[in-house]
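Asker: Have a look at this one.
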Amino acid sequence: MILGLIVLALIAAWSVDHFGYAFAKRWVESPAGQNAASRGIGQTAKVDGQFAPLTVDGWTIRTNSFASRGWPGEAIGGLNANGIQTEFDPAAVWRGAWRISGVKIDRATITLVPPNDALKRPVPPKKPRPWYLLFLPSRIECGPIICPNTELFYSFQGRSAHIHGANVEADLIGKDLQYTATSGVLEMPYLPPLRIERLQMLVTRPAIHVYAAQLTGIDPSDPARVSLSGTIGMRDNKAIDASGQITEIPIEQVLPEDLRAVVHGRATGQLTWKRDATGGQLDSDGQLALDGARIDDLSPFRQLALLHGNTDLTGFAFDTASCEFHLHHGQVRLELRAASANKLTLAGSIDYDFATKHAQIDLAITDLPLRTWLPDEFKAGAAGMAQAHLQWQGQLRTIRNSSGHVTLSLDGGTMHTPGILQRLLAARKLRAPDTIQFKTAGMDLQYQDQTFQLTRGDFDLPGILDAQLSGTLLPGNSLHAQMAWHGLAIEDWLPENLANEFSGAIQGNATMEVLKWKMEDGSYAGRIRLVSGELRYTPFQSLLARFLNDRTLLQLPLTRAEFSWSWKGKRLTVTDLDLRASDRLAVKGGFTVAPDQRLSGTLRIGTRPAYVSRLAGLGDAVFRFPDDGLRWAEVQLTGTVKKPRQDLASQLIGQLPHHPSAVLALGFKAISWYIGNWFDADKEWQRPEVAPRDSNAR
């Protein structure tokens, strides 16, 4: 537009020189002058446009407006202006120059579009310069061109950008124009709206040279600052070579749209942009420090928070955060370092593809306080730091079509026994240690196709147990898990009155299937074995030892003690029960506890033949199955858990008609017991007094 106004002024000046001022004034103000000026600026700016009627006052030319549309394939898509005034300096002709003293434009709107040579109009051959122009000046001079209200629309990286309300001064440098803006607002991709303090650039046919761009926050209290410089190719060579510094720019503006709700903070640092000559390859590098950095609603952490209801994991505010990044071929790689007090310290990388919105995360996470990362039920009394390594592929805002792997170490941590476990055991009159210490504890978790899988869970809890876990959490919160353990000292978990009667280490395995975390509706199964078990002075042992007059029965090592079990629909089933106390006593079989607590089942009770012979013949027909050095009786269980019943006693009594003399033998034994109890003979068969157990000893 500006060069067109210069052309218009030159036409007017030439008319004055040849035909006089009055004729030139009438011609410029006529439709012919208006059309000539419109064609002149159209050919210069490569637009199709029209001036409003022109007026001439002295050497000043004015018009109310110019409206146009750009030629196909050219860089200017539209050029519109209001309140145009230009001043011609005739005295400069005598100095050998056509000079425009200055141009003023009240308001201008310019739309730039990417040039496309394939759509451009053919350029007609240049005509030779007329002979009479040899005597006229060939040099063009122009004073400042000023527009206090400029609107510029353009695109950047395929997205719309806008400068509005800018005070622009243009200065002719040779055949090119240098623009200086000292006000206005810049709105462009990857940046928040910024106020222009100074924008100086030289626009040539091949490139735009940005000498300085100083931008600040719209609000005077906003600390955001941007300083840029570089070169932007305009035609065949579309290369970009630019660099800049930013201060406290909201990081959300730089991120892809689907990440803006995830990562927050203000970035300070240095950046570079480079684009190849074809315009198809953009590279960018930078180093940034983030102030007030925060991560919200990141998919891996959100899923973990939902998994065990831990609201501490829904967001992270970082005390320190920095990153280095490299953008290449539409993919960005971030090298991160950050620390969040009482939550984590992390270092690693994030790779993100802008086209597919696919991310790859590889983070080493340290300084994880157990108190923060455990479910709420487990937080109380937790102490120690965990370490983790997170690898994740997929979408950052959704868990679909993603996969991940987490390695977690809890070595050296401690925590109070969860209240839910203490309450569960207390209801069954069992105990639990007050504190659990992890000598070593590690887990490997994988995620694939909306399925979580615990591939490894190793826990060494000194004085409690050594366990291995694995499991799978399917869509719909269907949980399948397996556990194997050993070293669980039974006496540490029993009530005080039973802890001195039973001892041994429980080992075994268990499986579970639970839907939607409804533990009471789940199904469970496993096998349990007691190692180095021993029964000491139980009431049954005292009675049996006294009856058989065998004190070795008061302390019975359990050479074998194991059974299989299952629990489903509130029904407990025990099978393959196999208890053996050397060659003295044994129990085999199984039983069921129904949902209403009723007992049913069949057991085989085995004992020494010598013990059977002491039953005065009553046991001969009851313990009638010889096997494995013992005599076995079949016993039916009935009753309830609180009042169990068995028919062994009734079977023995049922033999009295066949052995009437047994009444006398048993009667004499009962009388001797009764008299012996006057002299405390019964205490000889009971457990000796022992010092109270230390409840904290494990």
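Each chain in the structure tokens gets a letter, A, B and so on, in the order shown; residues start at 1 in every chain, and ligands are counted from 1 in the order they appear.
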So that I can check the surroundings of Gly269 (chain A), please list as a PyMOL selection string every protein, DNA and RNA residue that reaches within 9 Å of it, counting only C-alpha atoms and ignoring chain neighbours fewer than 5 positions away.

Answerer: chain A and resi 244-248+286-290

Asker: Using only C-alpha atoms, which residues sit within 9 Å of Trp685 (chain A) once same-chain residues fewer than 3 positions away are excluded, as a list in words?

Answerer: Tyr537, Gln541, Ser542, Leu543, Ala545, Arg546, Arg551, Leu554, Ala681, Asp682 and Pro688 of chain A

Asker: Just the residues within 12 Å of Lys238 (chain A), please, counting only C-alpha atoms, with nothing from its chain fewer than 6 positions along; format it as JSON, numbers by chain.

Answerer: {"A": [114, 115, 116, 205, 206, 207, 208, 231, 232, 274, 275, 276, 277, 278, 279, 280, 281, 282]}

Asker: Considering only strand (DSSP E) as DSSP defines it on the backbone, what residues of region 235-438 of chain A qualify? List them as a PyMOL selection string.

Answerer: chain A and resi 240-250+263-275+282-296+315-317+320-328+331-340+344-353+358-369+385-394+403-409+414-416+435-437

Asker: Can you check which residues of region 16-129 of chain A DSSP gives as helix (DSSP H, G or I) on the backbone and send them as a ChimeraX atom specification?

Answerer: /A:16-19,21-29,31-45,90-95,117-119

Asker: Ranking A:Glu197, A:Glu74, A:Glu141, A:Glu520 by minimum distance to Pro90 (chain A) and counting only C-alpha atoms, which one comes first?

Answerer: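 Among A:Glu197, A:Glu74, A:Glu141, A:Glu520, it is A:Glu141 that comes nearest to Pro90 (chain A).
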
Asker: Counting only C-alpha atoms, which residue out of A:Leu199, A:Cys323, A:Ile76, A:Cys147 sits closest to Asp291 (chain A)?

Answerer: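 Residue with the minimum atom-to-atom distance to Asp291 (chain A): A:Cys323.
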
Asker: In Å to one decimal, how far is CA of Gln468 (chain A) from CA of Phe591 (chain A)?

Answerer: 28.5 Å

Asker: With distances taken over only C-alpha atoms, which residue among A:Leu585, A:Leu336, A:Ile653, A:Met519 lies nearest Gly629 (chain A)?

Answerer: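 Closest residue, counting only C-alpha atoms: A:Leu585.
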
Asker: Pick out the closest residue to Leu255 (chain A) from this set: A:Arg527, A:His389, A:Phe354, A:Asn477. Count only C-alpha atoms.

Answerer: A:Phe354

Asker: What gap, in Å, lies between CA of Asp241 (chain A) and CA of Gln253 (chain A)?

Answerer: 21.4 Å

Asker: For Ala441 (chain A), which residue among A:Gly384, A:Gly619, A:His405, A:Gln453 is the nearest when counting only C-alpha atoms?

Answerer: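 For Ala441 (chain A), the nearest of the given residues is A:Gly384.
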
Asker: Excluding same-chain residues fewer than 4 positions from Ala489 (chain A), what lies within 8 Å of it counting only C-alpha atoms, as an mmCIF file with C-alpha atoms, in the first residue's frame?

Answerer:
data_model
loop_
_atom_site.group_PDB
_atom_site.id
_atom_site.type_symbol
_atom_site.label_atom_id
_atom_site.label_comp_id
_atom_site.auth_asym_id
_atom_site.auth_seq_id
_atom_site.Cartn_x
_atom_site.Cartn_y
_atom_site.Cartn_z
ATOM 1 C CA GLY A 463 9.530 -61.398 62.616
ATOM 2 C CA ILE A 464 6.305 -61.558 60.618
ATOM 3 C CA LEU A 465 6.608 -63.272 57.257
ATOM 4 C CA TRP A 493 -0.978 -63.765 66.231
ATOM 5 C CA SER A 503 3.575 -72.681 68.116
ATOM 6 C CA GLY A 504 4.942 -73.067 64.609
ATOM 7 C CA ALA A 505 5.463 -71.161 61.396
ATOM 8 C CA ILE A 506 2.636 -71.049 58.874
#

Asker: Between A:Ser340, A:Ser229, A:Thr180, A:Ser650, which has the minimum distance to Gly315 (chain A) (counting only C-alpha atoms)?

Answerer: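 Closest candidate: A:Ser340.
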